[in-house]
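What follows is a short report on a single structure.
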Amino acid sequence: MEEMVTLPRVDQVMVALMGSVGLTPTLNALAAGKQVALSNKEPIVMAGKLIKDFEALYGGRVLPVDSEPSAIWQCLQGEDNEILRILITASGGPFRTTPLEDIENVTPEQALRHPTWKMGQKITIDSATLMNKAFEVIETHWLFSVPWERIEVVVHPQSTIHSMVEFADGSVKAQLGPPDMRLPIQYALFYPQRLPNSMIPRLDTSISHSLNFDPLEPNRYPCFSLAIEAARKGGTYPAVLSAADEVAVQAFLDGKIGYGGIHHLVEQTLSEHDSLPGETAEEVLQADAWASARAFELASG
């Protein structure tokens, strides 16, 4: 993969690999001046500054494929104005209304019942803990060069609005559509063209819809705050965050730890980490390998 993405006949690279394995191919593609349609979050979560540095140095470009960053990207088309706020929507997952005292003991089967999206197991668990939403905040910070304090998450159970951008005059632009990945995938592949596709579901305005918004409850989603704190610290903390979460989610799915153990395992791994500057891929991958091994030890103990 690392060589394939640099071939002269390649115009665009779609990166849809789970985990840290996607980082080096992403950097290589950018170093070769390619457009990189980034579907998975891990590369930019682990090494956001490095990826942006490669964009600037070599002329490659990252195009977001993840639904929420894609929505933000679409809202920003034609705009050359100050961004007041970016509002990323979250469904709230399967435990949005579960009593807090019951959440610690939920099962993998319950956590895998996402109310609006159909996704793989890892991202579905991350959507339940809102770790996935924290990753999207990190993506947004790097992709659009927006300060942390201008990025907010709002709970929107219908998953119809995928993100919103508020400008200095108070105007808010939103991107709407059914919860389906085919539209953001196609938008990145054919950008800047918008092409008709009968396979992409449309928003049906012939039926009644409700659009509800609720504030995020930090106590319900401790992984979210933990992840944002690690991201703001910088260095190799985000790489450790990503790796530890991957191990913790698998440990939960395998029955080695409880649902509440995901947060505790990631928190413990982060607390033991001595951060490196994270200015090279080698440093980032070194931290990733350390975190995977340490989190596995903690989960097995």
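Chain identifiers are assigned as A, B, and so on, following the order in which chains appear in the structure tokens; residues are numbered from 1 within each chain, and ligands are numbered from 1 in order of appearance.
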
Non-local contacts of A:Met14 (8 Å; only C-alpha atoms; under 6 positions in same chain excluded) as number ranges by chain: A: 36-39

Generate a file of the selected residues that holds all heavy atoms, formatted as a short mmCIF file (atom, residue, chain, number, x, y, z; two decimals), in the first residue's frame.
data_model
loop_
_atom_site.label_atom_id
_atom_site.label_comp_id
_atom_site.auth_asym_id
_atom_site.auth_seq_id
_atom_site.Cartn_x
_atom_site.Cartn_y
_atom_site.Cartn_z
N VAL A 36 -6.11 12.86 -1.22
CA VAL A 36 -6.38 11.75 -0.32
C VAL A 36 -7.79 11.91 0.25
O VAL A 36 -8.05 12.84 1.04
CB VAL A 36 -5.35 11.68 0.82
CG1 VAL A 36 -5.70 10.55 1.79
CG2 VAL A 36 -3.95 11.48 0.26
N ALA A 37 -8.68 11.04 -0.18
CA ALA A 37 -10.03 11.01 0.39
C ALA A 37 -9.95 10.16 1.66
O ALA A 37 -9.75 8.95 1.60
CB ALA A 37 -11.02 10.41 -0.61
N LEU A 38 -10.08 10.83 2.81
CA LEU A 38 -9.82 10.18 4.09
C LEU A 38 -11.13 9.73 4.72
O LEU A 38 -11.92 10.54 5.18
CB LEU A 38 -9.07 11.14 5.01
CG LEU A 38 -8.48 10.55 6.29
CD1 LEU A 38 -7.47 9.45 5.97
CD2 LEU A 38 -7.81 11.65 7.11
N SER A 39 -11.31 8.41 4.74
CA SER A 39 -12.54 7.85 5.29
C SER A 39 -12.41 7.51 6.76
O SER A 39 -13.31 7.77 7.55
CB SER A 39 -12.93 6.58 4.50
OG SER A 39 -14.07 5.98 5.05
#

Within 9 Å of A:Pro184 using only C-alpha atoms, minus same-chain residues under 5 positions, as a list in words: Pro64, Val65, Asp66, Ser67, Glu68, Ser70, Ala71 and Leu189 of chain A

Restricting it to all heavy atoms, dump the selection as a PDB file, in the first residue's frame.
ATOM      1  N   PRO A  64     -12.246  15.218   3.158  1.00  0.00           N
ATOM      2  CA  PRO A  64     -12.937  14.426   4.179  1.00  0.00           C
ATOM      3  C   PRO A  64     -14.036  13.558   3.586  1.00  0.00           C
ATOM      4  O   PRO A  64     -14.795  13.995   2.718  1.00  0.00           O
ATOM      5  CB  PRO A  64     -13.523  15.488   5.111  1.00  0.00           C
ATOM      6  CG  PRO A  64     -13.618  16.727   4.293  1.00  0.00           C
ATOM      7  CD  PRO A  64     -12.520  16.655   3.279  1.00  0.00           C
ATOM      8  N   VAL A  65     -14.122  12.334   4.071  1.00  0.00           N
ATOM      9  CA  VAL A  65     -15.176  11.406   3.659  1.00  0.00           C
ATOM     10  C   VAL A  65     -16.125  11.120   4.824  1.00  0.00           C
ATOM     11  O   VAL A  65     -17.303  10.876   4.620  1.00  0.00           O
ATOM     12  CB  VAL A  65     -14.570  10.089   3.119  1.00  0.00           C
ATOM     13  CG1 VAL A  65     -15.657   9.074   2.781  1.00  0.00           C
ATOM     14  CG2 VAL A  65     -13.727  10.362   1.884  1.00  0.00           C
ATOM     15  N   ASP A  66     -15.615  11.160   6.044  1.00  0.00           N
ATOM     16  CA  ASP A  66     -16.462  10.975   7.214  1.00  0.00           C
ATOM     17  C   ASP A  66     -17.648  11.935   7.124  1.00  0.00           C
ATOM     18  O   ASP A  66     -17.496  13.089   6.722  1.00  0.00           O
ATOM     19  CB  ASP A  66     -15.624  11.252   8.462  1.00  0.00           C
ATOM     20  CG  ASP A  66     -16.249  10.712   9.724  1.00  0.00           C
ATOM     21  OD1 ASP A  66     -17.223   9.945   9.640  1.00  0.00           O
ATOM     22  OD2 ASP A  66     -15.751  11.057  10.812  1.00  0.00           O
ATOM     23  N   SER A  67     -18.847  11.477   7.489  1.00  0.00           N
ATOM     24  CA  SER A  67     -20.066  12.235   7.186  1.00  0.00           C
ATOM     25  C   SER A  67     -20.087  13.630   7.801  1.00  0.00           C
ATOM     26  O   SER A  67     -20.480  14.603   7.141  1.00  0.00           O
ATOM     27  CB  SER A  67     -21.305  11.449   7.624  1.00  0.00           C
ATOM     28  OG  SER A  67     -21.276  11.181   9.002  1.00  0.00           O
ATOM     29  N   GLU A  68     -19.653  13.765   9.059  1.00  0.00           N
ATOM     30  CA  GLU A  68     -19.717  15.078   9.696  1.00  0.00           C
ATOM     31  C   GLU A  68     -18.676  16.047   9.141  1.00  0.00           C
ATOM     32  O   GLU A  68     -19.029  17.182   8.777  1.00  0.00           O
ATOM     33  CB  GLU A  68     -19.608  14.934  11.217  1.00  0.00           C
ATOM     34  CG  GLU A  68     -20.859  14.368  11.873  1.00  0.00           C
ATOM     35  CD  GLU A  68     -21.027  12.869  11.682  1.00  0.00           C
ATOM     36  OE1 GLU A  68     -20.062  12.216  11.215  1.00  0.00           O
ATOM     37  OE2 GLU A  68     -22.112  12.340  11.986  1.00  0.00           O
ATOM     38  N   SER A  70     -17.410  15.905   6.213  1.00  0.00           N
ATOM     39  CA  SER A  70     -17.873  16.163   4.857  1.00  0.00           C
ATOM     40  C   SER A  70     -18.970  17.217   4.856  1.00  0.00           C
ATOM     41  O   SER A  70     -19.007  18.109   3.994  1.00  0.00           O
ATOM     42  CB  SER A  70     -18.397  14.883   4.201  1.00  0.00           C
ATOM     43  OG  SER A  70     -18.962  15.162   2.925  1.00  0.00           O
ATOM     44  N   ALA A  71     -19.879  17.127   5.823  1.00  0.00           N
ATOM     45  CA  ALA A  71     -20.958  18.115   5.916  1.00  0.00           C
ATOM     46  C   ALA A  71     -20.393  19.513   6.151  1.00  0.00           C
ATOM     47  O   ALA A  71     -20.848  20.497   5.542  1.00  0.00           O
ATOM     48  CB  ALA A  71     -21.901  17.730   7.051  1.00  0.00           C
ATOM     49  N   LEU A 189     -15.124  11.632  -3.990  1.00  0.00           N
ATOM     50  CA  LEU A 189     -14.570  11.003  -5.190  1.00  0.00           C
ATOM     51  C   LEU A 189     -14.700  11.880  -6.429  1.00  0.00           C
ATOM     52  O   LEU A 189     -13.825  11.879  -7.294  1.00  0.00           O
ATOM     53  CB  LEU A 189     -15.252   9.654  -5.442  1.00  0.00           C
ATOM     54  CG  LEU A 189     -14.877   8.510  -4.503  1.00  0.00           C
ATOM     55  CD1 LEU A 189     -15.730   7.285  -4.803  1.00  0.00           C
ATOM     56  CD2 LEU A 189     -13.403   8.163  -4.618  1.00  0.00           C
TER      57      LEU A 189
END

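Residues in contact with stretch 109-115 of chain A at up to 8 Å, not including ones fewer than 4 positions away on its chain and judged by only C-alpha atoms, are Ser91, Gly93, Pro94, Phe95, Gln121, Thr124, Ile125, Ser127 and Ala128 of chain A.
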
Can you pull out every residue within 9 Å of A:Ala243, counting only C-alpha atoms, but drop anything in the same chain fewer than 2 positions away, and send it as a ChimeraX atom specification? /A:19-20,42,46,238-241,245-248,266,287-292,295

Quick one: residues within 12 Å of A:Leu100, only C-alpha atoms, excluding same-chain residues fewer than 2 positions away - as a PDB file with N, CA and C atoms, in the first residue's frame?
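As a result, selection_8.pdb now contains:
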ATOM      1  N   PHE A  95     -27.498   4.703  24.199  1.00  0.00           N
ATOM      2  CA  PHE A  95     -27.681   4.922  25.646  1.00  0.00           C
ATOM      3  C   PHE A  95     -27.972   6.385  25.973  1.00  0.00           C
ATOM      4  N   ARG A  96     -28.517   7.098  24.986  1.00  0.00           N
ATOM      5  CA  ARG A  96     -28.803   8.530  25.162  1.00  0.00           C
ATOM      6  C   ARG A  96     -29.759   8.774  26.320  1.00  0.00           C
ATOM      7  N   THR A  97     -30.705   7.877  26.534  1.00  0.00           N
ATOM      8  CA  THR A  97     -31.699   8.066  27.599  1.00  0.00           C
ATOM      9  C   THR A  97     -31.615   6.993  28.679  1.00  0.00           C
ATOM     10  N   THR A  98     -30.607   6.144  28.619  1.00  0.00           N
ATOM     11  CA  THR A  98     -30.443   5.095  29.629  1.00  0.00           C
ATOM     12  C   THR A  98     -30.081   5.729  30.972  1.00  0.00           C
ATOM     13  N   ASP A 102     -27.244   2.613  35.102  1.00  0.00           N
ATOM     14  CA  ASP A 102     -27.323   1.349  34.363  1.00  0.00           C
ATOM     15  C   ASP A 102     -26.285   1.230  33.259  1.00  0.00           C
ATOM     16  N   ILE A 103     -25.634   2.333  32.896  1.00  0.00           N
ATOM     17  CA  ILE A 103     -24.763   2.329  31.712  1.00  0.00           C
ATOM     18  C   ILE A 103     -23.518   1.469  31.918  1.00  0.00           C
ATOM     19  N   GLU A 104     -22.969   1.467  33.128  1.00  0.00           N
ATOM     20  CA  GLU A 104     -21.732   0.716  33.388  1.00  0.00           C
ATOM     21  C   GLU A 104     -21.853  -0.752  33.014  1.00  0.00           C
ATOM     22  N   ASN A 105     -23.064  -1.298  33.098  1.00  0.00           N
ATOM     23  CA  ASN A 105     -23.249  -2.744  32.953  1.00  0.00           C
ATOM     24  C   ASN A 105     -23.920  -3.159  31.656  1.00  0.00           C
ATOM     25  N   VAL A 106     -23.969  -2.278  30.670  1.00  0.00           N
ATOM     26  CA  VAL A 106     -24.591  -2.669  29.399  1.00  0.00           C
ATOM     27  C   VAL A 106     -23.708  -3.699  28.690  1.00  0.00           C
ATOM     28  N   GLU A 217     -24.292  15.617  27.509  1.00  0.00           N
ATOM     29  CA  GLU A 217     -24.148  15.350  28.946  1.00  0.00           C
ATOM     30  C   GLU A 217     -22.763  14.751  29.201  1.00  0.00           C
ATOM     31  N   PRO A 218     -21.844  15.515  29.751  1.00  0.00           N
ATOM     32  CA  PRO A 218     -20.484  14.987  29.965  1.00  0.00           C
ATOM     33  C   PRO A 218     -20.452  13.736  30.834  1.00  0.00           C
ATOM     34  N   ASN A 219     -21.298  13.650  31.850  1.00  0.00           N
ATOM     35  CA  ASN A 219     -21.279  12.491  32.746  1.00  0.00           C
ATOM     36  C   ASN A 219     -21.719  11.208  32.055  1.00  0.00           C
ATOM     37  N   ARG A 220     -22.489  11.354  30.993  1.00  0.00           N
ATOM     38  CA  ARG A 220     -22.971  10.184  30.246  1.00  0.00           C
ATOM     39  C   ARG A 220     -21.897   9.661  29.300  1.00  0.00           C
ATOM     40  N   TYR A 221     -20.991  10.539  28.892  1.00  0.00           N
ATOM     41  CA  TYR A 221     -20.003  10.178  27.876  1.00  0.00           C
ATOM     42  C   TYR A 221     -18.600  10.589  28.342  1.00  0.00           C
ATOM     43  N   PRO A 222     -18.038   9.944  29.358  1.00  0.00           N
ATOM     44  CA  PRO A 222     -16.720  10.362  29.861  1.00  0.00           C
ATOM     45  C   PRO A 222     -15.598  10.196  28.848  1.00  0.00           C
ATOM     46  N   GLY A 260     -17.987   0.283  31.098  1.00  0.00           N
ATOM     47  CA  GLY A 260     -17.300   1.361  31.797  1.00  0.00           C
ATOM     48  C   GLY A 260     -15.800   1.219  31.776  1.00  0.00           C
TER      49      GLY A 260
END

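Nearest residue to A:Met181 among A:Glu272, A:Pro201, A:Thr6, A:Phe167 is A:Pro201, counting only C-alpha atoms.
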
Closest of A:Thr129, A:Ser208, A:Thr140, A:Ser171 to A:Glu79 - atom-to-atom distances counting only C-alpha atoms: A:Ser171

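Our summary of the geometry notes that atom CA of A:Phe252 is positioned 10.3 Å from atom CA of A:Lys122.
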
Can you measure atom CA of A:Gly258 to atom CA of A:Leu298 for me? One decimal in Å is fine. 13.1 Å

Residue neighbourhood A:Phe135, 10 Å, only C-alpha atoms, exclusion window fewer than 4 positions, as an MDAnalysis selection string: chainID A and resid 41:42 44:46 126 130:131 139:141 224 227:228 231 238 241:242

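Atom CA of A:Leu265 is positioned 28.2 Å from atom CA of A:Thr26.
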
Nearest residue to A:Arg202 out of A:Gln286, A:Ser271, A:Gln12, A:Thr160, using only C-alpha atoms? A:Thr160

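For the residues A:Val137, A:Ala281, A:Ala29, A:Ile257, ranking by smallest atom-to-atom distance to A:Ser300 using only C-alpha atoms places A:Ile257 first.
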
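If you measure from each of A:Gln77, A:Thr236, A:Gln175, A:Gln158 to A:Glu279 using only C-alpha atoms, the closest one turns out to be A:Thr236.
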
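By chain and then residue number, the residues within 10 Å of A:Glu166 are Cys75, Glu82, Ile83, Leu84, Arg85, Ile86, Leu87, Arg150, Asp169, Gly170, Ser171, Val172, Lys173 and Ala174 of chain A, counting only C-alpha atoms and disregarding those fewer than 3 positions away in sequence.
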
Take the residues from that selection and write them out as a JSON list (two decimals), in the first residue's frame, keeping N, CA and C atoms.
[["chain", "number", "residue", "atom", "x", "y", "z"],
["A", 75, "CYS", "N", -20.66, 22.78, 3.72],
["A", 75, "CYS", "CA", -21.19, 24.06, 4.19],
["A", 75, "CYS", "C", -20.22, 25.22, 3.92],
["A", 82, "GLU", "N", -15.38, 34.56, 8.34],
["A", 82, "GLU", "CA", -14.97, 34.04, 9.64],
["A", 82, "GLU", "C", -15.97, 33.00, 10.14],
["A", 83, "ILE", "N", -15.43, 31.89, 10.62],
["A", 83, "ILE", "CA", -16.27, 30.85, 11.24],
["A", 83, "ILE", "C", -16.41, 31.17, 12.72],
["A", 84, "LEU", "N", -17.65, 31.39, 13.14],
["A", 84, "LEU", "CA", -17.89, 31.65, 14.56],
["A", 84, "LEU", "C", -17.91, 30.35, 15.35],
["A", 85, "ARG", "N", -18.66, 29.36, 14.83],
["A", 85, "ARG", "CA", -18.76, 28.06, 15.49],
["A", 85, "ARG", "C", -18.97, 26.98, 14.46],
["A", 86, "ILE", "N", -18.42, 25.81, 14.74],
["A", 86, "ILE", "CA", -18.79, 24.60, 14.00],
["A", 86, "ILE", "C", -19.57, 23.72, 14.97],
["A", 87, "LEU", "N", -20.74, 23.29, 14.55],
["A", 87, "LEU", "CA", -21.62, 22.47, 15.37],
["A", 87, "LEU", "C", -21.69, 21.08, 14.77],
["A", 150, "ARG", "N", -13.98, 26.75, 19.27],
["A", 150, "ARG", "CA", -15.05, 27.09, 18.31],
["A", 150, "ARG", "C", -15.74, 25.84, 17.73],
["A", 169, "ASP", "N", -22.03, 36.67, 11.27],
["A", 169, "ASP", "CA", -23.29, 37.42, 11.29],
["A", 169, "ASP", "C", -24.43, 36.66, 11.95],
["A", 170, "GLY", "N", -24.15, 35.43, 12.43],
["A", 170, "GLY", "CA", -25.19, 34.63, 13.08],
["A", 170, "GLY", "C", -25.89, 33.66, 12.15],
["A", 171, "SER", "N", -25.61, 33.74, 10.85],
["A", 171, "SER", "CA", -26.20, 32.80, 9.91],
["A", 171, "SER", "C", -25.62, 31.40, 10.12],
["A", 172, "VAL", "N", -26.48, 30.39, 10.06],
["A", 172, "VAL", "CA", -26.05, 29.00, 10.25],
["A", 172, "VAL", "C", -26.38, 28.20, 9.00],
["A", 173, "LYS", "N", -25.37, 27.55, 8.43],
["A", 173, "LYS", "CA", -25.58, 26.65, 7.29],
["A", 173, "LYS", "C", -25.48, 25.21, 7.78],
["A", 174, "ALA", "N", -26.38, 24.36, 7.28],
["A", 174, "ALA", "CA", -26.40, 22.96, 7.68],
["A", 174, "ALA", "C", -26.46, 22.08, 6.45]]

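Here the strand (DSSP E) residues in stretch 146-242 of chain A, by DSSP on the backbone, are Ile151, Glu152, Val153, Val154, Val155, Ile161, His162, Ser163, Met164, Val165, Glu166, Phe167, Val172, Lys173, Ala174, Gln175, Leu176, Asp214 and Pro215 of chain A.
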
Write the residues of the preceding selection, restricted to N, CA, C and O atoms, as a PDB file, in the first residue's frame.
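Okay, result.pdb is ready:
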ATOM      1  N   ILE A 151     -15.410  24.694  18.272  1.00  0.00           N
ATOM      2  CA  ILE A 151     -16.031  23.442  17.813  1.00  0.00           C
ATOM      3  C   ILE A 151     -16.905  22.897  18.938  1.00  0.00           C
ATOM      4  O   ILE A 151     -16.421  22.678  20.052  1.00  0.00           O
ATOM      5  N   GLU A 152     -18.174  22.708  18.667  1.00  0.00           N
ATOM      6  CA  GLU A 152     -19.113  22.218  19.666  1.00  0.00           C
ATOM      7  C   GLU A 152     -19.822  20.973  19.139  1.00  0.00           C
ATOM      8  O   GLU A 152     -19.956  20.784  17.929  1.00  0.00           O
ATOM      9  N   VAL A 153     -20.275  20.154  20.070  1.00  0.00           N
ATOM     10  CA  VAL A 153     -21.055  18.966  19.720  1.00  0.00           C
ATOM     11  C   VAL A 153     -22.444  19.116  20.318  1.00  0.00           C
ATOM     12  O   VAL A 153     -22.588  19.478  21.491  1.00  0.00           O
ATOM     13  N   VAL A 154     -23.446  18.855  19.508  1.00  0.00           N
ATOM     14  CA  VAL A 154     -24.829  18.922  19.953  1.00  0.00           C
ATOM     15  C   VAL A 154     -25.498  17.586  19.647  1.00  0.00           C
ATOM     16  O   VAL A 154     -25.250  16.981  18.592  1.00  0.00           O
ATOM     17  N   VAL A 155     -26.307  17.099  20.565  1.00  0.00           N
ATOM     18  CA  VAL A 155     -27.003  15.831  20.372  1.00  0.00           C
ATOM     19  C   VAL A 155     -28.228  16.073  19.490  1.00  0.00           C
ATOM     20  O   VAL A 155     -29.068  16.930  19.789  1.00  0.00           O
ATOM     21  N   ILE A 161     -29.422  16.168  10.272  1.00  0.00           N
ATOM     22  CA  ILE A 161     -28.413  17.218  10.093  1.00  0.00           C
ATOM     23  C   ILE A 161     -27.074  16.617  10.482  1.00  0.00           C
ATOM     24  O   ILE A 161     -26.906  16.103  11.578  1.00  0.00           O
ATOM     25  N   HIS A 162     -26.113  16.690   9.576  1.00  0.00           N
ATOM     26  CA  HIS A 162     -24.832  16.032   9.820  1.00  0.00           C
ATOM     27  C   HIS A 162     -23.794  16.971  10.425  1.00  0.00           C
ATOM     28  O   HIS A 162     -22.879  16.494  11.103  1.00  0.00           O
ATOM     29  N   SER A 163     -23.918  18.240  10.192  1.00  0.00           N
ATOM     30  CA  SER A 163     -23.123  19.257  10.880  1.00  0.00           C
ATOM     31  C   SER A 163     -23.632  20.619  10.448  1.00  0.00           C
ATOM     32  O   SER A 163     -24.350  20.748   9.441  1.00  0.00           O
ATOM     33  N   MET A 164     -23.239  21.654  11.209  1.00  0.00           N
ATOM     34  CA  MET A 164     -23.640  23.026  10.915  1.00  0.00           C
ATOM     35  C   MET A 164     -22.440  23.948  11.108  1.00  0.00           C
ATOM     36  O   MET A 164     -21.547  23.654  11.900  1.00  0.00           O
ATOM     37  N   VAL A 165     -22.465  25.043  10.376  1.00  0.00           N
ATOM     38  CA  VAL A 165     -21.431  26.074  10.516  1.00  0.00           C
ATOM     39  C   VAL A 165     -22.122  27.406  10.758  1.00  0.00           C
ATOM     40  O   VAL A 165     -23.005  27.800   9.992  1.00  0.00           O
ATOM     41  N   GLU A 166     -21.736  28.086  11.839  1.00  0.00           N
ATOM     42  CA  GLU A 166     -22.263  29.417  12.142  1.00  0.00           C
ATOM     43  C   GLU A 166     -21.204  30.453  11.802  1.00  0.00           C
ATOM     44  O   GLU A 166     -20.035  30.317  12.200  1.00  0.00           O
ATOM     45  N   PHE A 167     -21.632  31.494  11.086  1.00  0.00           N
ATOM     46  CA  PHE A 167     -20.711  32.544  10.662  1.00  0.00           C
ATOM     47  C   PHE A 167     -20.859  33.773  11.553  1.00  0.00           C
ATOM     48  O   PHE A 167     -21.736  33.834  12.425  1.00  0.00           O
ATOM     49  N   VAL A 172     -26.479  30.386  10.056  1.00  0.00           N
ATOM     50  CA  VAL A 172     -26.052  29.000  10.254  1.00  0.00           C
ATOM     51  C   VAL A 172     -26.381  28.195   8.997  1.00  0.00           C
ATOM     52  O   VAL A 172     -27.534  28.171   8.553  1.00  0.00           O
ATOM     53  N   LYS A 173     -25.373  27.551   8.427  1.00  0.00           N
ATOM     54  CA  LYS A 173     -25.580  26.651   7.290  1.00  0.00           C
ATOM     55  C   LYS A 173     -25.484  25.206   7.778  1.00  0.00           C
ATOM     56  O   LYS A 173     -24.618  24.880   8.596  1.00  0.00           O
ATOM     57  N   ALA A 174     -26.382  24.364   7.280  1.00  0.00           N
ATOM     58  CA  ALA A 174     -26.402  22.957   7.682  1.00  0.00           C
ATOM     59  C   ALA A 174     -26.458  22.076   6.447  1.00  0.00           C
ATOM     60  O   ALA A 174     -26.999  22.472   5.410  1.00  0.00           O
ATOM     61  N   GLN A 175     -25.901  20.878   6.565  1.00  0.00           N
ATOM     62  CA  GLN A 175     -26.016  19.870   5.511  1.00  0.00           C
ATOM     63  C   GLN A 175     -26.908  18.758   6.037  1.00  0.00           C
ATOM     64  O   GLN A 175     -26.658  18.187   7.100  1.00  0.00           O
ATOM     65  N   LEU A 176     -27.977  18.463   5.298  1.00  0.00           N
ATOM     66  CA  LEU A 176     -28.973  17.489   5.719  1.00  0.00           C
ATOM     67  C   LEU A 176     -29.033  16.324   4.750  1.00  0.00           C
ATOM     68  O   LEU A 176     -28.706  16.455   3.562  1.00  0.00           O
ATOM     69  N   ASP A 214     -30.238  18.584  21.718  1.00  0.00           N
ATOM     70  CA  ASP A 214     -30.060  18.524  23.164  1.00  0.00           C
ATOM     71  C   ASP A 214     -28.591  18.778  23.478  1.00  0.00           C
ATOM     72  O   ASP A 214     -27.708  18.402  22.696  1.00  0.00           O
ATOM     73  N   PRO A 215     -28.308  19.379  24.640  1.00  0.00           N
ATOM     74  CA  PRO A 215     -26.902  19.562  25.021  1.00  0.00           C
ATOM     75  C   PRO A 215     -26.247  18.234  25.361  1.00  0.00           C
ATOM     76  O   PRO A 215     -26.917  17.286  25.790  1.00  0.00           O
TER      77      PRO A 215
END

Sel. of helix (DSSP H, G or I) residues, stretch 180-215 of chain A, as a VMD selection string: chain A and resid 182 to 190

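Considering only C-alpha atoms, the residue among A:Leu203, A:Leu183, A:Leu226, A:Val15 positioned nearest to A:His264 is A:Leu226.
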